[in-house]
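Colleague: Got final.cif for you, mmCIF, C-alpha atoms and all ligand atoms:
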```
data_data
loop_
_atom_site.label_atom_id
_atom_site.label_comp_id
_atom_site.auth_asym_id
_atom_site.auth_seq_id
_atom_site.Cartn_x
_atom_site.Cartn_y
_atom_site.Cartn_z
CA MET A 1 0.00 0.00 0.00
CA ALA A 2 1.26 3.44 -0.93
CA LEU A 3 0.09 7.00 -0.45
CA TYR A 4 0.56 9.31 -3.43
CA ILE A 5 0.04 13.07 -3.32
CA ILE A 6 -0.86 14.41 -6.73
CA GLY A 7 -0.43 17.93 -8.11
CA ASP A 8 -3.01 20.24 -9.67
CA LEU A 9 -5.15 18.35 -12.22
CA GLN A 10 -7.15 21.25 -13.64
CA GLY A 11 -9.19 18.92 -15.78
CA CYS A 12 -6.22 16.92 -17.12
CA PHE A 13 -7.84 13.50 -16.76
CA ASP A 14 -6.01 11.56 -19.47
CA PRO A 15 -2.56 12.54 -18.11
CA LEU A 16 -3.73 11.46 -14.64
CA GLN A 17 -4.69 8.04 -15.94
CA GLN A 18 -1.34 7.73 -17.74
CA LEU A 19 0.54 8.72 -14.61
CA LEU A 20 -1.40 6.16 -12.55
CA ARG A 21 -0.43 3.44 -15.02
CA GLN A 22 3.18 4.61 -14.90
CA ILE A 23 3.35 4.29 -11.10
CA ASP A 24 1.51 0.93 -11.08
CA TYR A 25 -1.29 2.43 -9.04
CA ASP A 26 -3.33 -0.27 -7.31
CA PRO A 27 -6.87 1.05 -6.67
CA ALA A 28 -7.51 -1.69 -4.14
CA ALA A 29 -4.52 -0.82 -1.98
CA ASP A 30 -3.12 2.64 -2.75
CA GLU A 31 -4.42 5.97 -1.59
CA LEU A 32 -4.43 9.18 -3.67
CA TRP A 33 -4.44 12.68 -2.21
CA PHE A 34 -5.03 15.68 -4.48
CA VAL A 35 -3.72 19.17 -3.68
CA GLY A 36 -6.79 20.88 -5.17
CA ASP A 37 -7.65 22.69 -8.40
CA VAL A 38 -9.05 19.42 -9.60
CA VAL A 39 -11.11 21.31 -12.18
CA ASN A 40 -11.04 24.16 -14.72
CA ARG A 41 -9.02 25.37 -17.70
CA GLY A 42 -8.23 21.82 -18.83
CA PRO A 43 -10.42 19.65 -21.09
CA GLN A 44 -11.87 17.01 -18.71
CA SER A 45 -12.96 18.68 -15.50
CA LEU A 46 -16.08 16.55 -15.11
CA GLU A 47 -14.10 13.30 -15.37
CA CYS A 48 -11.55 14.55 -12.84
CA LEU A 49 -14.19 15.61 -10.35
CA ARG A 50 -16.12 12.34 -10.61
CA PHE A 51 -12.90 10.35 -10.26
CA VAL A 52 -11.73 12.15 -7.11
CA ARG A 53 -15.21 11.96 -5.61
CA ARG A 54 -15.45 8.19 -6.18
CA LEU A 55 -12.08 7.72 -4.48
CA GLU A 56 -13.00 9.91 -1.53
CA GLU A 57 -16.32 8.17 -1.02
CA SER A 58 -14.67 4.76 -1.09
CA GLY A 59 -12.08 5.82 1.47
CA ARG A 60 -9.21 5.63 -1.05
CA GLY A 61 -8.62 9.32 -1.67
CA ARG A 62 -8.78 12.84 -0.31
CA MET A 63 -8.56 16.35 -1.70
CA VAL A 64 -8.32 19.90 -0.42
CA LEU A 65 -10.11 22.80 -2.08
CA GLY A 66 -8.19 25.07 -4.43
CA ASN A 67 -9.11 28.46 -5.88
CA HIS A 68 -10.48 26.89 -9.06
CA ASP A 69 -12.62 24.50 -7.02
CA PHE A 70 -14.03 27.53 -5.20
CA HIS A 71 -14.55 29.16 -8.59
CA LEU A 72 -16.72 26.18 -9.57
CA LEU A 73 -18.77 26.61 -6.39
CA ALA A 74 -19.20 30.28 -7.32
CA GLN A 75 -20.46 29.38 -10.80
CA ALA A 76 -22.81 26.80 -9.30
CA VAL A 77 -24.49 29.46 -7.15
CA GLY A 78 -24.74 31.88 -10.09
CA LEU A 79 -21.91 34.30 -9.30
CA THR A 80 -21.59 35.22 -12.95
CA ARG A 81 -19.37 38.26 -12.43
CA PHE A 82 -16.41 35.95 -11.88
CA ARG A 83 -17.01 33.95 -15.04
CA SER A 84 -14.03 33.82 -17.40
CA ARG A 85 -13.77 32.94 -21.08
CA LYS A 86 -11.03 30.53 -20.05
CA ASP A 87 -13.38 28.50 -17.82
CA THR A 88 -14.08 24.91 -18.84
CA LEU A 89 -16.75 24.13 -16.28
CA ASP A 90 -19.85 23.76 -18.49
CA ASP A 91 -19.61 19.95 -18.57
CA ILE A 92 -19.96 19.92 -14.79
CA LEU A 93 -22.60 22.63 -14.60
CA ASN A 94 -24.74 20.79 -17.19
CA ALA A 95 -24.13 17.26 -15.89
CA PRO A 96 -27.01 15.11 -14.62
CA ASP A 97 -25.10 14.59 -11.36
CA ARG A 98 -24.23 18.28 -11.06
CA ASP A 99 -26.06 18.88 -7.79
CA SER A 100 -24.57 15.91 -6.01
CA LEU A 101 -21.07 16.75 -7.32
CA ILE A 102 -21.34 20.32 -6.04
CA ASP A 103 -22.78 19.12 -2.76
CA TRP A 104 -19.87 16.76 -2.33
CA LEU A 105 -17.27 19.33 -3.40
CA ARG A 106 -18.37 21.99 -0.92
CA GLN A 107 -17.82 19.53 1.91
CA GLN A 108 -14.15 18.97 1.11
CA PRO A 109 -11.57 20.44 3.51
CA LEU A 110 -8.99 23.22 3.04
CA TYR A 111 -6.38 21.60 5.28
CA LEU A 112 -5.59 17.94 5.82
CA THR A 113 -3.12 16.05 7.96
CA HIS A 114 -2.18 12.38 7.88
CA GLU A 115 -2.51 10.27 10.99
CA ILE A 116 0.66 8.26 10.45
CA HIS A 117 2.90 10.43 8.32
CA ASN A 118 3.77 13.78 9.86
CA LEU A 119 2.45 15.76 6.93
CA ALA A 120 -0.15 18.34 6.02
CA MET A 121 -1.68 19.23 2.65
CA VAL A 122 -3.13 22.56 1.51
CA HIS A 123 -3.71 24.01 -1.94
CA ALA A 124 -1.48 27.11 -1.77
CA GLY A 125 0.08 27.58 1.65
CA ILE A 126 -0.16 28.25 5.36
CA PRO A 127 0.63 31.76 6.67
CA PRO A 128 3.97 31.84 8.56
CA GLN A 129 2.38 33.12 11.74
CA TRP A 130 0.01 30.16 12.07
CA THR A 131 0.87 26.93 13.84
CA HIS A 132 -0.63 23.75 12.46
CA GLN A 133 -3.13 23.79 15.26
CA GLN A 134 -4.27 27.25 14.24
CA ALA A 135 -4.35 26.29 10.56
CA ARG A 136 -6.63 23.39 11.45
CA GLN A 137 -8.94 25.71 13.40
CA GLU A 138 -9.13 28.41 10.72
CA ALA A 139 -9.73 25.82 7.97
CA GLY A 140 -12.36 24.16 10.14
CA ALA A 141 -14.23 27.44 10.56
CA VAL A 142 -14.46 27.83 6.77
CA ALA A 143 -15.49 24.19 6.32
CA GLU A 144 -18.27 24.69 8.83
CA ARG A 145 -19.76 27.54 6.77
CA LEU A 146 -19.50 25.46 3.59
CA ARG A 147 -21.36 22.57 5.26
CA ASP A 148 -24.07 24.89 6.47
CA ALA A 149 -27.54 24.67 4.93
CA ASP A 150 -27.12 28.29 3.86
CA TRP A 151 -23.70 27.76 2.27
CA GLN A 152 -24.81 29.45 -0.95
CA THR A 153 -25.17 32.81 0.80
CA PHE A 154 -21.67 32.46 2.19
CA VAL A 155 -20.25 31.79 -1.27
CA ARG A 156 -22.36 34.44 -2.99
CA GLU A 157 -21.90 37.31 -0.55
CA HIS A 158 -18.93 36.79 1.73
CA LEU A 159 -16.32 34.47 0.26
CA PHE A 160 -14.67 36.42 -2.55
CA GLY A 161 -12.40 39.46 -2.41
CA SER A 162 -8.76 40.18 -1.61
CA GLU A 163 -9.37 42.04 1.66
CA PRO A 164 -8.25 41.80 4.36
CA ALA A 165 -4.78 41.10 2.98
CA CYS A 166 -3.16 41.11 6.43
CA TRP A 167 -3.75 38.76 9.31
CA HIS A 168 -4.32 39.83 12.87
CA GLU A 169 -5.81 37.93 15.76
CA GLY A 170 -8.66 40.41 16.04
CA LEU A 171 -10.15 39.53 12.63
CA THR A 172 -13.70 38.31 13.02
CA SER A 173 -16.61 36.97 11.06
CA TRP A 174 -16.46 37.01 7.24
CA ASP A 175 -13.13 38.89 7.19
CA ARG A 176 -11.46 36.13 9.14
CA LEU A 177 -12.93 33.42 6.93
CA ARG A 178 -12.04 35.29 3.73
CA TYR A 179 -8.46 35.79 4.86
CA ALA A 180 -8.20 32.07 5.59
CA VAL A 181 -9.57 31.04 2.20
CA ASN A 182 -7.21 33.44 0.42
CA ALA A 183 -4.21 32.19 2.39
CA PHE A 184 -4.95 28.49 1.97
CA CYS A 185 -6.00 28.75 -1.67
CA ARG A 186 -4.29 31.75 -3.34
CA MET A 187 -1.12 32.65 -1.41
CA ARG A 188 2.33 32.58 -3.00
CA TYR A 189 4.17 35.50 -1.42
CA CYS A 190 3.53 37.14 1.91
CA ASP A 191 5.40 39.24 4.44
CA PRO A 192 6.50 37.90 7.85
CA ARG A 193 3.23 39.04 9.45
CA GLY A 194 1.13 37.22 6.91
CA CYS A 195 0.15 40.09 4.62
CA LEU A 196 -0.72 38.42 1.33
CA GLU A 197 0.46 39.49 -2.12
CA PHE A 198 -1.98 38.53 -4.89
CA GLN A 199 -0.51 40.05 -8.06
CA CYS A 200 2.75 38.20 -8.55
CA LYS A 201 2.52 34.69 -9.98
CA ALA A 202 6.15 34.50 -11.06
CA ALA A 203 8.98 32.39 -9.69
CA PRO A 204 10.87 33.61 -6.57
CA GLY A 205 13.19 36.51 -7.30
CA ASN A 206 10.51 38.48 -9.13
CA GLN A 207 8.24 39.39 -6.22
CA PRO A 208 7.73 42.90 -4.82
CA LYS A 209 10.11 44.12 -2.14
CA GLY A 210 9.38 42.96 1.40
CA TYR A 211 7.63 39.77 0.31
CA ALA A 212 8.97 36.23 0.26
CA PRO A 213 7.55 32.82 -0.58
CA TRP A 214 5.31 31.97 2.39
CA PHE A 215 7.45 28.98 3.37
CA VAL A 216 10.84 30.73 3.63
CA HIS A 217 10.06 33.16 6.46
CA PRO A 218 12.59 32.40 9.23
CA ALA A 219 10.08 32.58 12.07
CA ARG A 220 7.48 30.41 10.32
CA ARG A 221 5.56 28.61 13.05
CA ASN A 222 4.44 25.59 11.00
CA LYS A 223 7.84 24.09 10.12
CA ASP A 224 7.31 21.06 12.37
CA ARG A 225 5.24 19.16 9.81
CA THR A 226 6.04 18.53 6.15
CA ILE A 227 3.64 20.55 4.00
CA PHE A 228 2.53 19.54 0.50
CA PHE A 229 0.94 22.12 -1.76
CA GLY A 230 0.21 22.98 -5.40
CA HIS A 231 -1.04 26.20 -7.01
CA TRP A 232 2.34 27.64 -8.02
CA SER A 233 3.27 26.32 -11.44
CA THR A 234 6.07 28.86 -11.94
CA LEU A 235 7.75 27.57 -8.78
CA GLY A 236 7.56 24.04 -10.18
CA ALA A 237 9.05 20.99 -8.47
CA TYR A 238 10.46 22.50 -5.32
CA ASP A 239 11.66 20.63 -2.23
CA GLY A 240 13.09 22.56 0.69
CA TYR A 241 12.18 24.23 3.98
CA ASN A 242 10.21 21.07 4.82
CA VAL A 243 7.73 21.75 2.01
CA HIS A 244 7.11 20.03 -1.31
CA ALA A 245 5.57 21.93 -4.22
CA LEU A 246 3.66 19.67 -6.60
CA ASP A 247 2.13 21.93 -9.27
CA THR A 248 4.44 21.23 -12.16
CA GLY A 249 2.14 22.79 -14.77
CA CYS A 250 0.54 19.82 -16.50
CA LEU A 251 -2.10 22.18 -17.86
CA TRP A 252 0.59 24.29 -19.54
CA GLY A 253 2.39 21.39 -21.17
CA GLY A 254 4.58 20.74 -18.16
CA GLN A 255 4.38 17.64 -15.99
CA LEU A 256 1.86 16.01 -13.69
CA THR A 257 3.47 15.00 -10.41
CA ALA A 258 2.76 12.20 -7.95
CA TRP A 259 4.79 12.17 -4.74
CA ARG A 260 5.08 8.75 -3.10
CA VAL A 261 5.12 9.40 0.62
CA GLU A 262 6.55 6.06 1.75
CA ASP A 263 9.94 6.63 0.13
CA GLY A 264 9.76 10.35 -0.65
CA THR A 265 10.05 10.02 -4.42
CA ARG A 266 8.69 12.17 -7.22
CA HIS A 267 7.03 10.54 -10.21
CA THR A 268 6.24 12.73 -13.19
CA LEU A 269 4.46 12.44 -16.49
CA GLN A 270 5.08 14.78 -19.40
CA CYS A 271 1.74 16.35 -20.40
CA PRO A 272 0.64 17.43 -23.87
CA HIS A 273 0.29 21.13 -24.65
CA THR A 274 -3.43 21.63 -24.11
CA LEU A 275 -3.23 25.41 -23.81
CA GLN A 276 -1.34 28.15 -25.60
CA PRO A 277 1.57 29.64 -23.65
CA GLY A 278 0.95 33.29 -22.85
CA LYS A 279 -2.63 32.69 -21.74
CA HIS A 280 -1.35 31.66 -18.34
CA SER A 281 -3.28 32.93 -15.35
MN MN B 1 -4.60 27.28 -7.66
#
```
Produce structure tokens that represent the structure in this file.
Ligand SMILES: [Mn+2]
Modeller:
Amino acid sequence: MALYIIGDLQGCFDPLQQLLRQIDYDPAADELWFVGDVVNRGPQSLECLRFVRRLEESGRGRMVLGNHDFHLLAQAVGLTRFRSRKDTLDDILNAPDRDSLIDWLRQQPLYLTHEIHNLAMVHAGIPPQWTHQQARQEAGAVAERLRDADWQTFVREHLFGSEPACWHEGLTSWDRLRYAVNAFCRMRYCDPRGCLEFQCKAAPGNQPKGYAPWFVHPARRNKDRTIFFGHWSTLGAYDGYNVHALDTGCLWGGQLTAWRVEDGTRHTLQCPHTLQPGKHS
């Protein structure tokens, strides 16, 4: 039995199946964890979502929510102002099992830990000033709203926006939840106090002054557990500071990555160019 943690799928279902053949994935014994952004931009979002859901419901897989997964929830509740011409979510939104897929997706976590391996998984990152215990609490507060009967109001009215960009203990209510979602799902660079930078998607070295990749801050309080994340295709396959970055840009003609936890090895599949370079966002 092996545990594999898999990078951002973004609708790249055929590459996923190829990668699983390459690693001799055994559905009866192995477990697959997905770092989020299971859907959107790529050609087979519906297949990806159904696949991850089947695994999760059979106890053989987990995922955390990414920004594109939240974007799907937004489209499902009719938040049309965030719609993009680059979206490839219509297959899901028009599917006969749409409602049950959305209902399942909204109940997925933002932060996961493993009971045996000393690891955590998030889509984008954990602010340096949060311990793992605090990350679990803040993610749990968001998950509670998403499980609520009135979850659609939360998504429609309170979830989206880039403010507050800075963390402080006194944040309450929707501001606190929105900060947490942005940190877990969108963060790349931040300052030591956890002020988030949303503009720069480039590789380290190109960020605005005063900001650093969230995981390099010297006083980071969550170094005591290995953290797996995706979201940052320009960072690519990065291992250091007790973190492992798994978004190797399959969508952009890069690779799809599976990390085997038992022996700490990367397994990659070269993906076809499904999108034109330069349309990256
Ligand atoms: Mn992402």
Colleague: So which residues are near ligand MN 1 (chain B), meaning at most 6 Å away with all atoms listed in the file counted, given back as a PyMOL selection string?
Modeller: chain A and resi 37+66-67+231
Colleague: Using only C-alpha atoms, please write the residues we just selected to a file, as a PDB file, keeping the file's coordinate frame.
Modeller:
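Listed below is the output, part-v3.pdb:
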```pdb
ATOM      1  CA  ASP A  37      -7.650  22.690  -8.400  1.00  0.00           C
ATOM      2  CA  GLY A  66      -8.190  25.070  -4.430  1.00  0.00           C
ATOM      3  CA  ASN A  67      -9.110  28.460  -5.880  1.00  0.00           C
ATOM      4  CA  HIS A 231      -1.040  26.200  -7.010  1.00  0.00           C
TER       5      HIS A 231
END
```
Colleague: Report as a list in words all protein, DNA and RNA residues lying within 12 Å of Arg85 of chain A, evaluated on all atoms listed in the file, omitting residues in the same chain fewer than 2 positions from it.
Modeller: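 Once the adjacent positions are removed, what remains is Asn40, Arg41, Thr80, Arg81, Phe82, Arg83, Asp87, Thr88, Leu89, Asp90, Lys279 and Ser281 of chain A.
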Colleague: Between atom CA of Phe229 of chain A and atom CA of Ala120 of chain A, measure the distance and give it in Å to one decimal.
Modeller: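 Taking atom CA of Phe229 of chain A and atom CA of Ala120 of chain A, their separation equals 8.7 Å.
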Colleague: Residues around (-2.5, 41.8, 10.2), cut-off 7 Å, counting only C-alpha atoms - what are they as a PyMOL selection string?
Modeller: chain A and resi 166-168+193-195
Colleague: Within 8 Å of Gly61 of chain A, counting all atoms listed in the file, which residues show up once you throw out same-chain ones fewer than 5 positions away? Write them as a list in words, please.
Modeller: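 With the cut-off at 8 Å, the set is Glu31, Leu32, Trp33, Phe34, Val52, Leu55 and Glu56 of chain A.
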Colleague: For atom CA of Asp91 of chain A and atom CA of Leu46 of chain A, determine how far apart the two atoms are, in Å to one decimal place.
Modeller: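 The value is 6.0 Å.
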Colleague: Fewer than 6 positions away in the same chain doesn't count, so skip those; otherwise give me all residues within 12 Å of Ile116 of chain A, counting only C-alpha atoms, as a PyMOL selection string.
Modeller: chain A and resi 3+225+261-262
Colleague: With C-alpha atoms retained, could you export that selection as a PDB file, in the coordinates of the input?
Modeller:
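As a result, out31.pdb now contains:
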```pdb
ATOM      1  CA  LEU A   3       0.090   7.000  -0.450  1.00  0.00           C
ATOM      2  CA  ARG A 225       5.240  19.160   9.810  1.00  0.00           C
ATOM      3  CA  VAL A 261       5.120   9.400   0.620  1.00  0.00           C
ATOM      4  CA  GLU A 262       6.550   6.060   1.750  1.00  0.00           C
TER       5      GLU A 262
END
```
Colleague: Just how far from atom CA of Glu197 of chain A is atom CA of Asn182 of chain A, in Å to one decimal?
Modeller: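 Between atom CA of Asn182 of chain A and atom CA of Glu197 of chain A the gap works out to 10.1 Å.
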Colleague: Within 6 Å of (0.0, 25.4, -7.1), all atoms listed in the file: residues as a tab-separated table (two decimals) with C-alpha atoms, in the frame of the given file?
Modeller:
```
chain	number	residue	atom	x	y	z
A	124	ALA	CA	-1.48	27.11	-1.77
A	230	GLY	CA	0.21	22.98	-5.40
A	231	HIS	CA	-1.04	26.20	-7.01
A	232	TRP	CA	2.34	27.64	-8.02
A	233	SER	CA	3.27	26.32	-11.44
A	247	ASP	CA	2.13	21.93	-9.27
```
